[in-house]
Number of protein chains: 2
Amino acid sequence: MSKEFNRKVYLQDKPRQQAKDELIQKANLLPEIETVPTRNGLGRVTALPIFASLSMPHYHASAMDGIAVRADETYEAHEQRPLHLKKNQQFIYVDTGNPVPSEFNAVIMVEDLQEVDEETIEIIAPATPWQNIRPVGEDVVCGEMILPQGHTLRPVDLGALLAGGVLELPVVKKPKVAILPTGNELVQPGSPMKPGDIVEFNGTVFSSFVQEWGGDPLLYDIVVDNPEHIRKAIENAADEADMIIINAGSSAGSKDYTVHVISELGQVYTHGIATRPGKPVILGEVKGKPIIGVPGYPVSAYLALEWFLRPLVYHYQGIQEPKRETLHVRLGRRVVSNMGAEDFVRLNVGFVNGEYIANPLTRAAGVTMSMVRADGILVVPPESQGFEQGETVEIELYKPIEAIRKGVLFTGSHDLSIDIVSSLLKKKDVNRQVISSHVGSLAGIMAIRKGEAHVTGIHLLDPETDTYNLPYVEKYLAGEDVVVIPFLKREQGWIVPKGNPLGIKTLEDIVEKGGAYVNRQRGAGTRILFDSLLKKHSLTSEQIQGYEREMFSHLSVAAEVKEKENSVGLGVYSAASTMGLDFIPVADESYDLVMTKSFFDSEGGTLFLDVIQSDEFSRMVEQLGGYKVVRNQSSIF
Amino acid sequence: MSKEFNRKVYLQDKPRQQAKDELIQKANLLPEIETVPTRNGLGRVTALPIFASLSMPHYHASAMDGIAVRADETYEAHEQRPLHLKKNQQFIYVDTGNPVPSEFNAVIMVEDLQEVDEETIEIIAPATPWQNIRPVGEDVVCGEMILPQGHTLRPVDLGALLAGGVLELPVVKKPKVAILPTGNELVQPGSPMKPGDIVEFNGTVFSSFVQEWGGDPLLYDIVVDNPEHIRKAIENAADEADMIIINAGSSAGSKDYTVHVISELGQVYTHGIATRPGKPVILGEVKGKPIIGVPGYPVSAYLALEWFLRPLVYHYQGIQEPKRETLHVRLGRRVVSNMGAEDFVRLNVGFVNGEYIANPLTRAAGVTMSMVRADGILVVPPESQGFEQGETVEIELYKPIEAIRKGVLFTGSHDLSIDIVSSLLKKKDVNRQVISSHVGSLAGIMAIRKGEAHVTGIHLLDPETDTYNLPYVEKYLAGEDVVVIPFLKREQGWIVPKGNPLGIKTLEDIVEKGGAYVNRQRGAGTRILFDSLLKKHSLTSEQIQGYEREMFSHLSVAAEVKEKENSVGLGVYSAASTMGLDFIPVADESYDLVMTKSFFDSEGGTLFLDVIQSDEFSRMVEQLGGYKVVRNQSSIF
């Protein structure tokens, strides 16, 4: 195969830890020192121990407002025998912070003085030597070590340094990290996009990570897929930076020049690690600078950066990598893993009925939203085949435990209004947010039954009674302590391309005019509605082109419809209007909420109800079009 | 008293929590929104929910390198009946990320292909529809909510935003915090200093705190103590900033103009809170902007900022204040507190024999080093009179628990070499550091006996045997599991002002030439040496001018000597040389280490020993002068 001429097999996949240890050991990082003004030192890392060059105070200072005296001239003062002292001979006035001249050795505070006349003060108790005096160096003594090397400077450190006369100080230079995005398909954010173009956003993410870890990112222009260009870019980066990240070009795909270029210019230690995702990583060096080739898929890339770049950046600065919090959680779904590689599974976590329940998110390496949504990550060791549903596992957290504890676990049918609830809830309490899984109405009901969600949203038509939702709740949640909350009326309709090129008006039109139908997954309310329409019109699924393929949300259906002139989907108005598509109403349906009684009674439940009953919420949802919020809901138990 | 004309009594001290709640409620913060490029969004807080304006991918994309096909044309492919497909008619080549044209609906990966000729490919298994294709919007669907409002942007969020076509976004403007340092005694860092001058370092500390909390500090020039200047500065700040900090001038001392000016320009809610330190705080508003008057003493000021400014800054941004970790510790010393006010006690914490032991640091409000050294803070409630030695209390931590767990608790005689050990130890492991209390040799031995320290450093002359240290260990640590490590030989001598104006050579000279002696505290090795010299020369302490006043370290003695022409102290050479003083050798002494056996055997102990036996350590210590490091120590059990 002509296109395969330079395809290569991975070197044998290396365990992650081994690859990392090797990289750090061979990197032989030599941090450089630079001098910064102490004023600008926040967050920098001391490169040497720092000693005071000034005492603070640098003179004997009064600790009070009052008078400075000689203690031995006050011994006779007594309540019954007040003593008079003469100004400028036996005392002087001092304020807090004033120097106490060397002929005096005590300060009497103003509250203990009685003024006799302009020149005379009366006291009724003796002063003890050195009372109310801050001696030279009480705070910082010249010559003392204020901070060791390797210390990350906090605000209070800067105060002590300036007090100790340290106006500038040696800190570790931030390691410069060159970031090279490669690929002909990449375009800068904001450029006009044609099919096949991909926005170069990894560079921004990488730069931000580098900043967070204390490094100095150098984001280079996009390098085209061409060995000569890649070679030049790497050589240039190796001259300018302390370490190099090259993005994409690290898979064993057809344009895999990177590994060849690196081995020509320097050395490849590792090509391929035993992880999923993240496998096609390259680790090596060029001109003595460590270089990391990370996969193009964002999730793989972010994980690879965390595994290999983060330790390098911290190591260079001589400080320890901060550790993530961990948490024991019960798995709401099974996690399958192939043996031989570590598996990294992103998860949502919720606190339901006194237990932390975790549900795996998509494992696709290209889904940046999975990193945004993830509450934590589960590492499945190479020797494991995964974990069963219900098993307890330890995970690393991406969010503070408080945010997880307060999160509202929503599992059910997708509706845009749930995002609005989430945003308004967070406005009330920044740690509260809806963590939603779009699994469809029926699966949502099951999640409530299994105690794996706080709330579900359902729109399930019962064809026999022609009513929504309650028949299903009665059937599947009989005996459970749940609350049904009438929530929204919304329009379902045909979503068709702008201008409705096929002229779809009815279900029959789809069959007759050759519409390519975009279906929803089994158990979704919209799927049940469609199937009941089929039945009503005496049609079968075989007559529907595209019936087998399943989408998981209204927006996905709309996005798919937008792709193809002859396509049609069933969904809500807001999804069609967001995508600039046409909409032909089919049915008004009830989208209602079901929540566990314990959530309903909780603080989170109260806030949730406050939100959905607020004017702001109604306004925002009804603005989307096709919605009518049910106000003054009477909850059904 | 003429100076007291404008002195005022505090309004009744208000409980801290009440003062804070009032401040926040009355502040009525109205955050402003600004638009920033997504690329620069790291750490900013979203002001509104953010929706995708582009799907990612925005076309059906191949998820693999391979060929795009029509699935229904591949159904017959089988291992026994390979199928041939024609290029550009039945398939096209695609790489990962390439668009899949709408006439195709599946991708077969390159590993499953056999090239027959330039135009023909052979497959041996059918493709299922949509296999290896990333559908439009798999990652982000146009119109979906990527982030709620009130979300602090992380690197991964920026990736999802750019992928979703969000190139700029509305964020909460960082609150501008005006910082006004006031006081005639203040000078900018780096200015020449005369007695009474104080370096203005609080402004830098405040600015750094504001930055850490997400605000935008505006540090103003120093304002002199004059009501007109203060008025102008505050009015100006109220126009430019969202909140105002005014430093010093908040005590009920003689120059207390601030509270008057604030009540003239706006409103004072609180003057004086029931805390120690931190009491003289002013809370109010000017032109609708919250203003906080904080005391001049740094520790009071930092605490006041944390209590009142931090919640304002976070509140403005609509995000929750992060909480500090807490820890239960056993008190190594008693903590006394007056009733009626909350007491804030800074502490050192060490992990000794499986227990967290906390020792209070100085409570002086002027000691910035106590904030640098503190591992945590204990809040004694207003209704409590304090805690007994040995009591278990809960404290807030200033450091990660790991650093506390790994800290080496050194309690004993001060020597500069211990700072060097600390710095080198941190170099080996950033979380290991020596936490030292300078209490003198005898108290150090007692700390080991009570299980409240890992290591002590002692230099105790036994006059009867004329030997150092071992007699004391045998007397006080008999039966304890400890290890004695011969450590340093060092010179003790008279520390006198440059040029030795009194011509001190011997102890008799001090008495005869009227030297003002600077003494050390009871139990300090240097004190015991001095007392034994007195005895040897048949002198009494009454003959020694200054004998009663006690300093707690060599450097403090030297700093004190530097203050007075006729003074003299006893101490080590390095202290004299650091301060530019003269030194007349008196005795060579042994400064040795005693550590618990369990520490000796621990990982920390091993590292500690590695450090003190290293060439680097010897070199650094001997460079100080007057030291000889004992190498190849044989430990004594």
# chains A, B, ... in the order shown; residues from 1 in each chain; ligands from 1
>>> residues_around(residues="stretch 82-97 of chain A", least_positions_apart="2", cutoff="6 Å", atoms="only C-alpha atoms", output="list in words")
Ala61, Ser62, Ala63, Met64, Asp65, Gly66, Ile67, Ala68, Val69, Ala77, His78, Glu79, Glu119, Thr120, Ile121, Glu122, Ile123 and Ile124 of chain A
>>> residues_around(residues="B:Leu361", least_positions_apart="4", cutoff="7 Å", atoms="only C-alpha atoms", output="ChimeraX atom specification")
/B:346-348,370
>>> residues_around(residues="stretch 578-594 of chain B", least_positions_apart="3", cutoff="7 Å", atoms="only C-alpha atoms", output="PyMOL selection string")
(chain A and resi 142-143) or (chain B and resi 455-459+468+482-500+505+558-559+573-575)
>>> closest_atom_pairs(of="stretch 56-128 of chain A", to="stretch 560-572 of chain B", cutoff="9 Å", atoms="only C-alpha atoms", output="CSV")
residue,atom,partner,partner_atom,distance
A:Tyr59,CA,B:Glu563,CA,7.5
A:His60,CA,B:Glu563,CA,8.4
A:Ser102,CA,B:Lys564,CA,7.5
>>> closest_residue(among="B:Ser384, B:Asn359, B:Ser55, B:Ser423", to="chain A", atoms="only C-alpha atoms")
B:Ser423
>>> select_by_dssp(residues="stretch 373-411 of chain B", states="strand (DSSP E)", output="PyMOL selection string")
chain B and resi 376-380+386-387+392-397+408-411
>>> residues_around(residues="B:Pro57", least_positions_apart="5", cutoff="7 Å", atoms="only C-alpha atoms", output="NGL selection string")
:B and (136-139)
>>> select_by_dssp(residues="stretch 153-364 of chain A", states="alpha helix (DSSP H)", output="ChimeraX atom specification")
/A:155-163,202-212,227-240,258-265,298-304,310-317
>>> residues_around(residues="A:Phe608", least_positions_apart="5", cutoff="12 Å", atoms="only C-alpha atoms", output="count of residues only")
32
>>> closest_residue(among="A:Asp72, A:Glu264, A:Glu508, A:Asp157", to="chain B", atoms="only C-alpha atoms")
A:Asp157
>>> closest_residue(among="A:Val336, A:Pro290, A:Leu186, A:Asp112", to="A:Ile24", atoms="only C-alpha atoms")
A:Pro290
>>> residues_around(residues="B:Glu34", least_positions_apart="2", cutoff="6 Å", atoms="only C-alpha atoms", output="PyMOL selection string")
chain B and resi 170-171+173
>>> closest_residue(among="B:Val261, B:Val156, B:Ile319, B:Val205", to="A:Leu303", atoms="only C-alpha atoms")
B:Val156
>>> closest_residue(among="A:Met56, A:Leu460, A:Val281, A:Val367", to="chain B", atoms="only C-alpha atoms")
A:Val367
>>> residues_around(residues="A:Asp615", least_positions_apart="5", cutoff="12 Å", atoms="only C-alpha atoms", output="ChimeraX atom specification")
/A:424,610,620-622,629-632
>>> atom_distance(atom1="atom CA of B:Gln149", atom2="atom CA of B:Thr46")
4.9 Å
>>> atom_distance(atom1="atom CA of B:Phe308", atom2="atom CA of B:Ile291")
9.8 Å
>>> closest_residue(among="B:Ile273, B:Met109, B:Leu309, B:Leu529", to="B:Phe206", atoms="only C-alpha atoms")
B:Leu309
>>> decode(residues="stretch 478-492 of chain A", atoms="all heavy atoms", output="short mmCIF file (atom, residue, chain, number, x, y, z; two decimals), in the first residue's frame")
data_model
loop_
_atom_site.label_atom_id
_atom_site.label_comp_id
_atom_site.auth_asym_id
_atom_site.auth_seq_id
_atom_site.Cartn_x
_atom_site.Cartn_y
_atom_site.Cartn_z
N ALA A 478 -43.26 1.95 41.80
CA ALA A 478 -44.23 1.64 42.84
C ALA A 478 -43.49 1.28 44.13
O ALA A 478 -42.53 0.51 44.11
CB ALA A 478 -45.13 0.49 42.40
N GLY A 479 -43.92 1.87 45.23
CA GLY A 479 -43.29 1.53 46.51
C GLY A 479 -42.03 2.34 46.81
O GLY A 479 -41.52 2.30 47.92
N GLU A 480 -41.52 3.07 45.82
CA GLU A 480 -40.32 3.88 46.07
C GLU A 480 -40.76 5.24 46.64
O GLU A 480 -41.83 5.74 46.31
CB GLU A 480 -39.54 4.12 44.77
CG GLU A 480 -39.09 2.86 44.05
CD GLU A 480 -37.90 2.20 44.74
OE1 GLU A 480 -37.10 2.93 45.36
OE2 GLU A 480 -37.79 0.96 44.67
N ASP A 481 -39.87 5.84 47.45
CA ASP A 481 -40.17 7.15 48.02
C ASP A 481 -39.74 8.23 47.04
O ASP A 481 -38.62 8.75 47.12
CB ASP A 481 -39.41 7.29 49.35
CG ASP A 481 -40.37 7.39 50.51
OD1 ASP A 481 -41.59 7.32 50.26
OD2 ASP A 481 -39.88 7.54 51.65
N VAL A 482 -40.63 8.57 46.11
CA VAL A 482 -40.26 9.57 45.11
C VAL A 482 -41.32 10.67 45.02
O VAL A 482 -42.44 10.50 45.47
CB VAL A 482 -40.09 8.94 43.71
CG1 VAL A 482 -38.97 7.91 43.71
CG2 VAL A 482 -41.39 8.33 43.22
N VAL A 483 -40.92 11.78 44.43
CA VAL A 483 -41.81 12.91 44.25
C VAL A 483 -41.83 13.24 42.75
O VAL A 483 -40.77 13.34 42.14
CB VAL A 483 -41.31 14.15 45.03
CG1 VAL A 483 -42.30 15.30 44.92
CG2 VAL A 483 -41.06 13.77 46.49
N VAL A 484 -43.02 13.39 42.18
CA VAL A 484 -43.15 13.77 40.77
C VAL A 484 -43.47 15.26 40.72
O VAL A 484 -44.37 15.73 41.41
CB VAL A 484 -44.25 12.96 40.07
CG1 VAL A 484 -44.40 13.41 38.62
CG2 VAL A 484 -43.96 11.48 40.16
N ILE A 485 -42.71 15.98 39.91
CA ILE A 485 -42.92 17.42 39.82
C ILE A 485 -43.27 17.81 38.39
O ILE A 485 -42.43 17.72 37.50
CB ILE A 485 -41.67 18.17 40.30
CG1 ILE A 485 -41.43 17.80 41.77
CG2 ILE A 485 -41.82 19.67 40.13
CD1 ILE A 485 -40.25 18.42 42.39
N PRO A 486 -44.54 18.21 38.15
CA PRO A 486 -44.91 18.68 36.82
C PRO A 486 -44.00 19.84 36.45
O PRO A 486 -43.82 20.77 37.25
CB PRO A 486 -46.36 19.14 37.00
CG PRO A 486 -46.84 18.42 38.22
CD PRO A 486 -45.65 18.27 39.11
N PHE A 487 -43.40 19.79 35.25
CA PHE A 487 -42.27 20.69 35.00
C PHE A 487 -42.47 21.54 33.75
O PHE A 487 -42.58 22.76 33.84
CB PHE A 487 -41.01 19.83 34.90
CG PHE A 487 -39.74 20.58 34.80
CD1 PHE A 487 -39.45 21.63 35.68
CD2 PHE A 487 -38.79 20.24 33.84
CE1 PHE A 487 -38.25 22.32 35.59
CE2 PHE A 487 -37.59 20.93 33.75
CZ PHE A 487 -37.33 21.96 34.62
N LEU A 488 -42.55 20.91 32.60
CA LEU A 488 -42.62 21.66 31.35
C LEU A 488 -43.64 21.07 30.40
O LEU A 488 -43.84 19.85 30.38
CB LEU A 488 -41.27 21.61 30.61
CG LEU A 488 -40.01 22.14 31.23
CD1 LEU A 488 -38.82 21.74 30.37
CD2 LEU A 488 -40.07 23.65 31.35
N LYS A 489 -44.26 21.91 29.60
CA LYS A 489 -44.94 21.46 28.39
C LYS A 489 -44.02 21.87 27.26
O LYS A 489 -43.55 23.02 27.24
CB LYS A 489 -46.31 22.14 28.22
CG LYS A 489 -47.28 21.89 29.35
CD LYS A 489 -47.84 20.49 29.28
CE LYS A 489 -48.76 20.24 30.47
NZ LYS A 489 -49.03 18.79 30.63
N ARG A 490 -43.77 20.96 26.35
CA ARG A 490 -42.91 21.36 25.23
C ARG A 490 -43.40 20.76 23.93
O ARG A 490 -44.03 19.71 23.91
CB ARG A 490 -41.45 21.00 25.51
CG ARG A 490 -41.21 19.53 25.62
CD ARG A 490 -39.74 19.22 25.88
NE ARG A 490 -39.51 17.80 25.64
CZ ARG A 490 -38.38 17.17 25.88
NH1 ARG A 490 -37.35 17.81 26.37
NH2 ARG A 490 -38.27 15.88 25.60
N GLU A 491 -43.07 21.41 22.85
CA GLU A 491 -43.46 20.93 21.53
C GLU A 491 -42.42 19.99 20.98
O GLU A 491 -41.22 20.31 20.98
CB GLU A 491 -43.58 22.11 20.56
CG GLU A 491 -44.86 22.90 20.69
CD GLU A 491 -44.92 23.99 19.63
OE1 GLU A 491 -43.88 24.62 19.35
OE2 GLU A 491 -46.01 24.20 19.10
N GLN A 492 -42.87 18.83 20.51
CA GLN A 492 -42.02 17.95 19.71
C GLN A 492 -42.44 18.13 18.26
O GLN A 492 -43.62 18.38 17.98
CB GLN A 492 -42.24 16.49 20.12
CG GLN A 492 -41.65 16.11 21.46
CD GLN A 492 -40.24 15.55 21.36
OE1 GLN A 492 -39.54 15.78 20.38
NE2 GLN A 492 -39.84 14.83 22.38
#
